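Participant: Just passing along the structure, written as structure tokens.
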Amino acid sequence: MAKMQFSIFIAVAFVVLSASTNAKTASPPAPMLPPTPAPAPAPHHVNLTELLSVAGPFHTFLDYLLSSGVIETFQSQANNTEEGVTIFVPKDDAFKAQKNPPLSNLTKDQLKQLLLSHALPHYYSLSEFKNLSQSGPVSTFAGGQYPLKFTDVSGTVRIETLWTRTKVSSSVFSTDPVAVYQVNRVLLPEAIFGTDVPPMPAPAPAPVVSSPSDSPSADSDEANASSPKSSHKNSAQTLAFAPVAMVVSGLVALFLC
């Protein structure tokens, strides 16, 4: 009896083990999951206030940006959009040289628009201005009434408004999404200062340089210098022979007598 029970136990165990083995064999393999992509790098954050305070000197422009709140507009564009920002920053000397028209007569709104017209709502590297120069005037942060015209000649980027012609003199910072370029003059928009641009002062006449033919020749100088000497020489010779002539005349008179 015990032998029979043991045989039944062995048979049952064999069946269970076979079923378990078949189940494991029939189950499909676990699917391979694709690797988790690496997180995108965080956008490069640029503190414009800090950047402009240590570069330049751009203290006048930065003071205007801070007092008007325009710095927050530029900063938000740089950090919270995919377009980025391009800013053209005049040096302190450019503001000192801006006498006509004076900036002190601008209202707060006009000053704000002036500052906004110094930036484009997109990041542009220096190499991109070549294509930009072929697209006509470009709208600024101030809107379509405050455009800038760009030209690129052999890598020199020039900027024009009706009142201003200047060039990008250096690249202060250029890493997407922020580009800051130095300009030599304040950009004056037509929408603020109108179309009655005073005429540019005529350039100073070039100094007149006399040609060699206009100057007295060396020959004439020598002739003029030698003429008085010749007359003096002839007079001296005449005076030297005068006593001899008198003696000869006296001897002739005595002989005739």
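Chains: A, B, ... in order of the structure tokens. Residues: from 1 per chain. Ligands: from 1, in order shown.
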Quick one: everything within 12 Å of A:Gly144, counting only C-alpha atoms, minus sequence neighbours fewer than 4 positions away in the same chain. Send it as a PyMOL selection string.
Facilitator: chain A and resi 113+116-117+120-121+137-140+148-149+189-191
Participant: How about saving the chosen residues, all heavy atoms kept, as a short mmCIF file (atom, residue, chain, number, x, y, z; two decimals), in the first residue's frame?
Facilitator:
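Output below, filename out06.cif:
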```
data_model
loop_
_atom_site.label_atom_id
_atom_site.label_comp_id
_atom_site.auth_asym_id
_atom_site.auth_seq_id
_atom_site.Cartn_x
_atom_site.Cartn_y
_atom_site.Cartn_z
N GLN A 113 10.06 103.05 -26.20
CA GLN A 113 10.04 102.59 -27.59
C GLN A 113 11.42 102.67 -28.22
O GLN A 113 11.81 101.82 -29.01
CB GLN A 113 9.03 103.42 -28.40
CG GLN A 113 7.59 103.26 -27.96
CD GLN A 113 7.12 101.83 -28.04
OE1 GLN A 113 6.93 101.16 -27.02
NE2 GLN A 113 6.95 101.32 -29.24
N LEU A 116 13.28 99.64 -26.97
CA LEU A 116 12.77 98.42 -27.60
C LEU A 116 13.22 98.30 -29.05
O LEU A 116 13.38 97.18 -29.56
CB LEU A 116 11.23 98.39 -27.52
CG LEU A 116 10.63 98.16 -26.14
CD1 LEU A 116 9.12 98.36 -26.18
CD2 LEU A 116 10.96 96.77 -25.62
N SER A 117 13.43 99.44 -29.70
CA SER A 117 13.86 99.41 -31.10
C SER A 117 15.34 99.04 -31.25
O SER A 117 15.84 98.93 -32.37
CB SER A 117 13.61 100.77 -31.77
OG SER A 117 14.44 101.78 -31.23
N LEU A 120 15.89 92.80 -31.46
CA LEU A 120 15.08 91.97 -32.34
C LEU A 120 14.58 90.76 -31.55
O LEU A 120 15.34 90.18 -30.77
CB LEU A 120 15.90 91.49 -33.54
CG LEU A 120 16.63 92.56 -34.36
CD1 LEU A 120 17.44 91.91 -35.47
CD2 LEU A 120 15.64 93.56 -34.93
N PRO A 121 13.31 90.36 -31.75
CA PRO A 121 12.77 89.23 -30.99
C PRO A 121 13.18 87.88 -31.57
O PRO A 121 12.37 86.98 -31.77
CB PRO A 121 11.25 89.45 -31.10
CG PRO A 121 11.08 90.16 -32.39
CD PRO A 121 12.28 91.04 -32.56
N PRO A 137 13.82 95.83 -44.50
CA PRO A 137 13.78 96.28 -43.11
C PRO A 137 13.20 95.21 -42.19
O PRO A 137 12.28 94.48 -42.55
CB PRO A 137 12.88 97.52 -43.15
CG PRO A 137 12.98 98.00 -44.57
CD PRO A 137 13.13 96.77 -45.41
N VAL A 138 13.74 95.10 -40.99
CA VAL A 138 13.35 94.07 -40.02
C VAL A 138 12.67 94.74 -38.84
O VAL A 138 13.18 95.72 -38.28
CB VAL A 138 14.58 93.28 -39.54
CG1 VAL A 138 14.17 92.19 -38.55
CG2 VAL A 138 15.31 92.68 -40.74
N SER A 139 11.52 94.21 -38.44
CA SER A 139 10.79 94.76 -37.30
C SER A 139 11.55 94.49 -36.00
O SER A 139 12.14 93.43 -35.82
CB SER A 139 9.39 94.16 -37.21
OG SER A 139 8.63 94.47 -38.36
N THR A 140 11.49 95.45 -35.11
CA THR A 140 12.15 95.33 -33.82
C THR A 140 11.13 94.99 -32.74
O THR A 140 9.94 94.78 -33.03
CB THR A 140 12.87 96.63 -33.46
OG1 THR A 140 11.89 97.68 -33.35
CG2 THR A 140 13.87 97.02 -34.53
N LEU A 148 14.65 98.23 -38.56
CA LEU A 148 16.08 98.44 -38.79
C LEU A 148 16.44 97.81 -40.13
O LEU A 148 15.94 96.73 -40.48
CB LEU A 148 16.92 97.80 -37.68
CG LEU A 148 16.75 98.34 -36.27
CD1 LEU A 148 17.59 97.53 -35.28
CD2 LEU A 148 17.14 99.81 -36.20
N LYS A 149 17.31 98.48 -40.86
CA LYS A 149 17.77 97.96 -42.14
C LYS A 149 19.22 97.51 -41.98
O LYS A 149 20.06 98.24 -41.46
CB LYS A 149 17.68 99.05 -43.22
CG LYS A 149 18.12 98.56 -44.60
CD LYS A 149 18.03 99.68 -45.63
CE LYS A 149 18.50 99.20 -46.99
NZ LYS A 149 18.43 100.30 -48.00
N PRO A 189 14.76 106.01 -34.17
CA PRO A 189 13.69 105.58 -35.08
C PRO A 189 12.91 106.77 -35.65
O PRO A 189 12.70 107.78 -34.99
CB PRO A 189 12.79 104.72 -34.18
CG PRO A 189 13.05 105.21 -32.80
CD PRO A 189 14.46 105.71 -32.77
N GLU A 190 12.49 106.60 -36.87
CA GLU A 190 11.70 107.62 -37.57
C GLU A 190 10.37 107.85 -36.87
O GLU A 190 9.85 108.97 -36.85
CB GLU A 190 11.48 107.17 -39.01
CG GLU A 190 10.54 108.04 -39.82
CD GLU A 190 10.28 107.44 -41.19
OE1 GLU A 190 11.06 106.58 -41.64
OE2 GLU A 190 9.28 107.83 -41.81
N ALA A 191 9.79 106.80 -36.28
CA ALA A 191 8.48 106.92 -35.64
C ALA A 191 8.49 107.86 -34.45
O ALA A 191 7.44 108.38 -34.05
CB ALA A 191 7.99 105.54 -35.20
#
```
Participant: Within 6 Å of stretch 178-186 of chain A, counting only C-alpha atoms, which residues show up once you throw out same-chain ones fewer than 2 positions away? Write them as a list of chain:residue names, please.
Facilitator: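 Result of the neighbour search: A:Gly84, A:Val85, A:Thr86, A:Ile87, A:Phe88, A:Val89, A:Pro90, A:Ala94, A:Tyr123, A:Lys167, A:Val168, A:Ser169, A:Ser170, A:Ser171, A:Val172, A:Phe173, A:Ser174, A:Thr175, A:Asp176.
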Participant: Grab the residues selected above and save them as a short mmCIF file (atom, residue, chain, number, x, y, z; two decimals), in the first residue's frame with C-alpha atoms.
Facilitator:
```cif
data_model
loop_
_atom_site.label_atom_id
_atom_site.label_comp_id
_atom_site.auth_asym_id
_atom_site.auth_seq_id
_atom_site.Cartn_x
_atom_site.Cartn_y
_atom_site.Cartn_z
CA GLY A 84 15.71 84.25 -28.22
CA VAL A 85 16.77 87.89 -28.47
CA THR A 86 19.34 90.05 -30.28
CA ILE A 87 20.26 93.38 -28.66
CA PHE A 88 22.26 96.27 -30.13
CA VAL A 89 23.93 98.21 -27.32
CA PRO A 90 25.40 101.72 -27.74
CA ALA A 94 27.39 107.26 -28.07
CA TYR A 123 18.55 85.26 -31.89
CA LYS A 167 27.84 99.43 -37.72
CA VAL A 168 28.27 96.48 -35.39
CA SER A 169 31.68 97.23 -33.95
CA SER A 170 32.03 94.09 -31.82
CA SER A 171 30.24 91.00 -30.57
CA VAL A 172 29.80 91.27 -26.81
CA PHE A 173 28.00 87.94 -26.35
CA SER A 174 26.59 85.47 -28.85
CA THR A 175 25.32 82.15 -27.58
CA ASP A 176 21.82 80.99 -28.43
#
```
Participant: Select from stretch 137-185 of chain A everything DSSP, run on the backbone, classes as strand (DSSP E), then give the selection as a ChimeraX atom specification.
Facilitator: /A:138-140,143-153,156-160,165-175,178-183
Participant: For the residues in the current selection, export N, CA and C atoms as an mmCIF file, in the first residue's frame.
Facilitator:
```cif
data_model
loop_
_atom_site.group_PDB
_atom_site.id
_atom_site.type_symbol
_atom_site.label_atom_id
_atom_site.label_comp_id
_atom_site.auth_asym_id
_atom_site.auth_seq_id
_atom_site.Cartn_x
_atom_site.Cartn_y
_atom_site.Cartn_z
ATOM 1 N N VAL A 138 13.741 95.101 -40.988
ATOM 2 C CA VAL A 138 13.346 94.073 -40.022
ATOM 3 C C VAL A 138 12.672 94.742 -38.836
ATOM 4 N N SER A 139 11.518 94.209 -38.439
ATOM 5 C CA SER A 139 10.787 94.763 -37.302
ATOM 6 C C SER A 139 11.546 94.494 -36.004
ATOM 7 N N THR A 140 11.493 95.452 -35.115
ATOM 8 C CA THR A 140 12.153 95.328 -33.822
ATOM 9 C C THR A 140 11.132 94.988 -32.743
ATOM 10 N N GLY A 143 8.014 97.078 -32.743
ATOM 11 C CA GLY A 143 6.970 96.873 -33.736
ATOM 12 C C GLY A 143 7.419 97.235 -35.136
ATOM 13 N N GLY A 144 6.494 97.071 -36.073
ATOM 14 C CA GLY A 144 6.810 97.301 -37.477
ATOM 15 C C GLY A 144 7.076 98.746 -37.830
ATOM 16 N N GLN A 145 6.649 99.685 -36.987
ATOM 17 C CA GLN A 145 6.918 101.103 -37.252
ATOM 18 C C GLN A 145 8.325 101.513 -36.829
ATOM 19 N N TYR A 146 9.052 100.602 -36.236
ATOM 20 C CA TYR A 146 10.402 100.890 -35.746
ATOM 21 C C TYR A 146 11.392 99.888 -36.345
ATOM 22 N N PRO A 147 11.510 99.847 -37.681
ATOM 23 C CA PRO A 147 12.358 98.826 -38.295
ATOM 24 C C PRO A 147 13.832 99.229 -38.322
ATOM 25 N N LEU A 148 14.651 98.231 -38.565
ATOM 26 C CA LEU A 148 16.082 98.437 -38.789
ATOM 27 C C LEU A 148 16.437 97.808 -40.129
ATOM 28 N N LYS A 149 17.306 98.485 -40.859
ATOM 29 C CA LYS A 149 17.775 97.964 -42.143
ATOM 30 C C LYS A 149 19.219 97.509 -41.979
ATOM 31 N N PHE A 150 19.507 96.301 -42.466
ATOM 32 C CA PHE A 150 20.830 95.717 -42.310
ATOM 33 C C PHE A 150 21.488 95.521 -43.669
ATOM 34 N N THR A 151 22.785 95.750 -43.701
ATOM 35 C CA THR A 151 23.603 95.411 -44.860
ATOM 36 C C THR A 151 24.858 94.709 -44.361
ATOM 37 N N ASP A 152 25.303 93.755 -45.134
ATOM 38 C CA ASP A 152 26.501 92.993 -44.775
ATOM 39 C C ASP A 152 27.471 93.077 -45.945
ATOM 40 N N VAL A 153 28.569 93.786 -45.739
ATOM 41 C CA VAL A 153 29.586 93.951 -46.779
ATOM 42 C C VAL A 153 30.888 93.359 -46.277
ATOM 43 N N THR A 156 31.200 92.977 -42.554
ATOM 44 C CA THR A 156 30.906 94.148 -41.735
ATOM 45 C C THR A 156 29.407 94.416 -41.771
ATOM 46 N N VAL A 157 28.748 94.325 -40.627
ATOM 47 C CA VAL A 157 27.301 94.496 -40.535
ATOM 48 C C VAL A 157 26.998 95.961 -40.228
ATOM 49 N N ARG A 158 26.240 96.589 -41.100
ATOM 50 C CA ARG A 158 25.834 97.983 -40.913
ATOM 51 C C ARG A 158 24.334 98.050 -40.646
ATOM 52 N N ILE A 159 23.960 99.010 -39.795
ATOM 53 C CA ILE A 159 22.567 99.186 -39.390
ATOM 54 C C ILE A 159 22.141 100.603 -39.751
ATOM 55 N N GLU A 160 20.938 100.736 -40.305
ATOM 56 C CA GLU A 160 20.455 102.053 -40.726
ATOM 57 C C GLU A 160 19.021 102.282 -40.270
ATOM 58 N N ARG A 165 23.134 105.949 -39.146
ATOM 59 C CA ARG A 165 23.920 104.965 -39.896
ATOM 60 C C ARG A 165 25.114 104.586 -39.024
ATOM 61 N N THR A 166 25.176 103.329 -38.684
ATOM 62 C CA THR A 166 26.258 102.866 -37.829
ATOM 63 C C THR A 166 26.593 101.424 -38.197
ATOM 64 N N LYS A 167 27.452 100.807 -37.431
ATOM 65 C CA LYS A 167 27.843 99.428 -37.720
ATOM 66 C C LYS A 167 28.023 98.658 -36.417
ATOM 67 N N VAL A 168 27.969 97.347 -36.532
ATOM 68 C CA VAL A 168 28.268 96.480 -35.393
ATOM 69 C C VAL A 168 29.782 96.468 -35.219
ATOM 70 N N SER A 169 30.243 97.087 -34.154
ATOM 71 C CA SER A 169 31.685 97.226 -33.949
ATOM 72 C C SER A 169 32.306 96.041 -33.226
ATOM 73 N N SER A 170 31.497 95.285 -32.478
ATOM 74 C CA SER A 170 32.033 94.092 -31.817
ATOM 75 C C SER A 170 30.889 93.220 -31.338
ATOM 76 N N SER A 171 31.205 91.945 -31.125
ATOM 77 C CA SER A 171 30.243 90.996 -30.569
ATOM 78 C C SER A 171 30.537 90.849 -29.075
ATOM 79 N N VAL A 172 29.615 91.326 -28.255
ATOM 80 C CA VAL A 172 29.799 91.273 -26.809
ATOM 81 C C VAL A 172 29.502 89.875 -26.279
ATOM 82 N N PHE A 173 28.409 89.276 -26.770
ATOM 83 C CA PHE A 173 28.004 87.937 -26.346
ATOM 84 C C PHE A 173 27.128 87.350 -27.438
ATOM 85 N N SER A 174 27.392 86.110 -27.810
ATOM 86 C CA SER A 174 26.589 85.474 -28.851
ATOM 87 C C SER A 174 26.545 83.973 -28.635
ATOM 88 N N THR A 175 25.591 83.555 -27.825
ATOM 89 C CA THR A 175 25.317 82.147 -27.580
ATOM 90 C C THR A 175 23.812 81.981 -27.495
ATOM 91 N N VAL A 178 20.814 84.223 -26.739
ATOM 92 C CA VAL A 178 21.074 85.643 -26.513
ATOM 93 C C VAL A 178 22.258 86.095 -27.360
ATOM 94 N N ALA A 179 22.061 87.212 -28.079
ATOM 95 C CA ALA A 179 23.148 87.855 -28.811
ATOM 96 C C ALA A 179 23.162 89.332 -28.432
ATOM 97 N N VAL A 180 24.323 89.827 -28.060
ATOM 98 C CA VAL A 180 24.497 91.239 -27.707
ATOM 99 C C VAL A 180 25.631 91.788 -28.559
ATOM 100 N N TYR A 181 25.332 92.847 -29.339
ATOM 101 C CA TYR A 181 26.319 93.444 -30.231
ATOM 102 C C TYR A 181 26.481 94.926 -29.895
ATOM 103 N N GLN A 182 27.713 95.385 -29.938
ATOM 104 C CA GLN A 182 28.005 96.792 -29.671
ATOM 105 C C GLN A 182 27.869 97.607 -30.944
ATOM 106 N N VAL A 183 27.236 98.774 -30.833
ATOM 107 C CA VAL A 183 27.123 99.710 -31.950
ATOM 108 C C VAL A 183 27.703 101.051 -31.524
#
```
Participant: Just checking: using only C-alpha atoms, which residue out of A:Phe58, A:Tyr64, A:Phe95, A:Phe141 ends up closest to A:His122?
Facilitator: A:Phe141
